[in-house]
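Q: I have a structure I would like to understand better, so I am pasting it below and will then ask my questions one at a time.
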Amino acid sequence: MLDGLRQEGCLKVRFPRTERAAWSGAVTLNTAGGVAGGDVLDSAIAAGPGTQATVASQAAERFYRTLPGATAVVATRLHVAPGAALEWLPQESILFDNCALGRRLVVDMAEDAWFLGVEALVFGRTAMGEAVRAAQVRDLIQVRRGGRL
């Protein structure tokens, strides 16, 4: 059950399942088609008590070349309540040459909660003849269970 939803800008969420299943599913998508320096994608997701949910992304996120001093920011906060289970399964982030990315994932889970998460980085698309010679990446993942890191 969805208790609340607020969206703005290019970051959207869709719910592809219409049947009532034990696990809820949500798919995020960036309608801008990629992220450039200066863009900010900020998400907060909470799985309430006893919830079982999977949150995935529609496609790989692309981080494009940026101007000096402009950093793309992706901040995600996940809260997993007592007795809840949450899967965070976005597709990979593809870094392009001369991109600048600051990414932060913070997971706050109850002592008896369950969490599975993936955050993959891909350095260019070699099959397309692309190479990443320079990039600025700051990637931080914090997971707390019962308030402890």
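Naming works like this for the structure tokens: A, B, ... for the chains as they're shown, residue 1 at the start of each chain, ligands 1 onward in shown order.
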Distance table requested - segment 86-119 of chain A against segment 42-62 of chain A, cut-off 9 Å, only C-alpha atoms: one row per qualifying residue with the closest atom pair and its distance in Å to one decimal, ordered by chain and rising residue number, as a Markdown table.

A:
```
| residue | atom | partner | partner_atom | distance |
| --- | --- | --- | --- | --- |
| A:Leu86 | CA | A:Ala53 | CA | 5.0 |
| A:Glu87 | CA | A:Thr54 | CA | 4.6 |
| A:Trp88 | CA | A:Val55 | CA | 5.2 |
| A:Leu89 | CA | A:Ala56 | CA | 4.6 |
| A:Pro90 | CA | A:Ala56 | CA | 4.5 |
| A:Gln91 | CA | A:Ala60 | CA | 4.8 |
| A:Glu92 | CA | A:Ala60 | CA | 5.0 |
| A:Ser93 | CA | A:Glu61 | CA | 4.7 |
| A:Ile94 | CA | A:Arg62 | CA | 4.8 |
| A:Leu95 | CA | A:Arg62 | CA | 6.2 |
| A:Phe96 | CA | A:Arg62 | CA | 7.4 |
| A:Ala113 | CA | A:Gly50 | CA | 8.7 |
```

Q: Could you please take those selected residues and save C-alpha atoms as a PDB file, in the first residue's frame?

A:
```pdb
ATOM      1  CA  LEU A  86      13.404  -3.744   0.852  1.00  0.00           C
ATOM      2  CA  GLU A  87      15.319  -4.474  -2.344  1.00  0.00           C
ATOM      3  CA  TRP A  88      17.117  -1.502  -3.943  1.00  0.00           C
ATOM      4  CA  LEU A  89      18.024  -2.644  -7.474  1.00  0.00           C
ATOM      5  CA  PRO A  90      18.721   0.252  -9.832  1.00  0.00           C
ATOM      6  CA  GLN A  91      20.462  -0.559 -13.082  1.00  0.00           C
ATOM      7  CA  GLU A  92      24.063   0.544 -13.445  1.00  0.00           C
ATOM      8  CA  SER A  93      25.328   4.116 -13.584  1.00  0.00           C
ATOM      9  CA  ILE A  94      27.325   4.741 -16.758  1.00  0.00           C
ATOM     10  CA  LEU A  95      30.064   7.338 -16.402  1.00  0.00           C
ATOM     11  CA  PHE A  96      31.095   9.303 -19.485  1.00  0.00           C
ATOM     12  CA  ALA A 113      14.569  -5.475   8.867  1.00  0.00           C
TER      13      ALA A 113
END
```

Q: Would you pick out the contacts of Asn98 of chain A at 9 Å or less, using only C-alpha atoms, so that residues sharing its chain but fewer than 5 positions from it are not included, and give the list as a PyMOL selection string?

A: chain A and resi 64-67+132-136

Q: Restricted to all heavy atoms, what would the selected residues look like written as a short mmCIF file (atom, residue, chain, number, x, y, z; two decimals), in the first residue's frame?

A:
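Generated output (selection-v4.cif):
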```cif
data_model
loop_
_atom_site.label_atom_id
_atom_site.label_comp_id
_atom_site.auth_asym_id
_atom_site.auth_seq_id
_atom_site.Cartn_x
_atom_site.Cartn_y
_atom_site.Cartn_z
N TYR A 64 26.85 12.49 -17.85
CA TYR A 64 27.52 13.08 -19.00
C TYR A 64 28.63 14.05 -18.60
O TYR A 64 28.70 14.53 -17.46
CB TYR A 64 26.49 13.80 -19.87
CG TYR A 64 25.48 12.86 -20.47
CD1 TYR A 64 24.13 12.94 -20.15
CD2 TYR A 64 25.87 11.85 -21.34
CE1 TYR A 64 23.20 12.07 -20.70
CE2 TYR A 64 24.96 10.97 -21.90
CZ TYR A 64 23.63 11.09 -21.57
OH TYR A 64 22.72 10.22 -22.11
N ARG A 65 29.45 14.36 -19.59
CA ARG A 65 30.54 15.32 -19.44
C ARG A 65 29.98 16.62 -18.85
O ARG A 65 28.87 17.03 -19.17
CB ARG A 65 31.14 15.58 -20.82
CG ARG A 65 32.30 16.48 -20.80
CD ARG A 65 32.86 16.64 -22.21
NE ARG A 65 33.26 18.01 -22.34
CZ ARG A 65 32.86 18.84 -23.27
NH1 ARG A 65 32.08 18.43 -24.21
NH2 ARG A 65 33.26 20.08 -23.27
N THR A 66 30.78 17.24 -18.00
CA THR A 66 30.31 18.44 -17.32
C THR A 66 31.30 19.59 -17.49
O THR A 66 32.45 19.37 -17.86
CB THR A 66 30.08 18.15 -15.82
OG1 THR A 66 29.44 19.26 -15.22
CG2 THR A 66 31.38 17.88 -15.11
N LEU A 67 30.85 20.77 -17.22
CA LEU A 67 31.73 21.93 -17.20
C LEU A 67 32.50 21.95 -15.89
O LEU A 67 32.01 21.45 -14.87
CB LEU A 67 30.91 23.22 -17.35
CG LEU A 67 30.14 23.36 -18.67
CD1 LEU A 67 29.23 24.58 -18.62
CD2 LEU A 67 31.10 23.43 -19.84
N VAL A 132 36.74 6.30 -20.61
CA VAL A 132 36.72 7.32 -19.57
C VAL A 132 38.17 7.58 -19.18
O VAL A 132 38.82 6.73 -18.58
CB VAL A 132 35.88 6.87 -18.35
CG1 VAL A 132 35.94 7.92 -17.25
CG2 VAL A 132 34.44 6.62 -18.76
N ARG A 133 38.67 8.74 -19.58
CA ARG A 133 40.05 9.11 -19.28
C ARG A 133 40.14 9.94 -18.00
O ARG A 133 41.13 9.91 -17.30
CB ARG A 133 40.65 9.86 -20.46
CG ARG A 133 40.85 9.00 -21.69
CD ARG A 133 41.33 9.82 -22.89
NE ARG A 133 41.33 9.03 -24.09
CZ ARG A 133 40.25 8.82 -24.85
NH1 ARG A 133 39.09 9.35 -24.51
NH2 ARG A 133 40.32 8.08 -25.94
N ALA A 134 39.08 10.67 -17.74
CA ALA A 134 39.04 11.52 -16.54
C ALA A 134 37.60 11.60 -16.04
O ALA A 134 36.67 11.69 -16.84
CB ALA A 134 39.56 12.92 -16.86
N ALA A 135 37.45 11.55 -14.74
CA ALA A 135 36.14 11.69 -14.10
C ALA A 135 36.35 12.07 -12.65
O ALA A 135 37.39 11.75 -12.07
CB ALA A 135 35.35 10.39 -14.19
N GLN A 136 35.38 12.74 -12.09
CA GLN A 136 35.39 13.04 -10.66
C GLN A 136 34.21 12.29 -10.05
O GLN A 136 33.06 12.57 -10.40
CB GLN A 136 35.24 14.53 -10.40
CG GLN A 136 36.39 15.35 -10.92
CD GLN A 136 36.14 16.84 -10.69
OE1 GLN A 136 35.29 17.24 -9.90
NE2 GLN A 136 36.89 17.66 -11.40
#
```

Q: Show which residues sit within 6 Å of His79 of chain A, as an MDAnalysis selection string. Count only C-alpha atoms, and ignore same-chain residues fewer than 4 positions away.

A: chainID A and resid 46 107:109

Q: Once you have the residues from the selection above, write them out as a PDB file, in the first residue's frame, restricted to N, CA and C atoms.

A:
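For reference, again30.pdb as written:
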```pdb
ATOM      1  N   ALA A  46      10.580   5.006   1.964  1.00  0.00           N
ATOM      2  CA  ALA A  46      10.382   4.352   3.253  1.00  0.00           C
ATOM      3  C   ALA A  46       9.512   3.118   3.077  1.00  0.00           C
ATOM      4  N   VAL A 107      21.107   4.085   4.054  1.00  0.00           N
ATOM      5  CA  VAL A 107      20.081   3.100   4.398  1.00  0.00           C
ATOM      6  C   VAL A 107      19.964   3.064   5.917  1.00  0.00           C
ATOM      7  N   ASP A 108      18.758   3.293   6.413  1.00  0.00           N
ATOM      8  CA  ASP A 108      18.476   3.238   7.849  1.00  0.00           C
ATOM      9  C   ASP A 108      17.458   2.123   8.044  1.00  0.00           C
ATOM     10  N   MET A 109      17.892   1.025   8.650  1.00  0.00           N
ATOM     11  CA  MET A 109      17.000  -0.117   8.799  1.00  0.00           C
ATOM     12  C   MET A 109      16.838  -0.519  10.255  1.00  0.00           C
TER      13      MET A 109
END
```

Q: Quick one: residues within 12 Å of Gly129 of chain A, only C-alpha atoms counted, chain neighbours fewer than 5 positions away excluded, as a list in words?

A: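 Skipping anything fewer than 5 positions along the chain leaves Phe96, Asp97, Phe123 and Gly124 of chain A.
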
Q: Give me a file of those residues, with C-alpha atoms, as an mmCIF file, in the first residue's frame.

A:
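Contents of part_15.cif, as written:
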```cif
data_model
loop_
_atom_site.group_PDB
_atom_site.id
_atom_site.type_symbol
_atom_site.label_atom_id
_atom_site.label_comp_id
_atom_site.auth_asym_id
_atom_site.auth_seq_id
_atom_site.Cartn_x
_atom_site.Cartn_y
_atom_site.Cartn_z
ATOM 1 C CA PHE A 96 31.095 9.303 -19.485
ATOM 2 C CA ASP A 97 34.455 10.989 -19.963
ATOM 3 C CA PHE A 123 33.280 3.400 -16.716
ATOM 4 C CA GLY A 124 32.220 4.167 -20.296
#
```

Q: Among the residues of segment 31-115 of chain A, find those DSSP assigns to strand (DSSP E or B) from the backbone and print them as a PyMOL selection string.

A: chain A and resi 35+40-47+52-57+61-63+72-80+85-89+93-95+99-109+114-115

Q: I need the residue nearest Ala84 of chain A from this list: A:Gly69, A:Val122, A:Arg148, A:Leu116. Use only C-alpha atoms for the distance.

A: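 Ranked by minimum distance to Ala84 of chain A, first place goes to A:Leu116.
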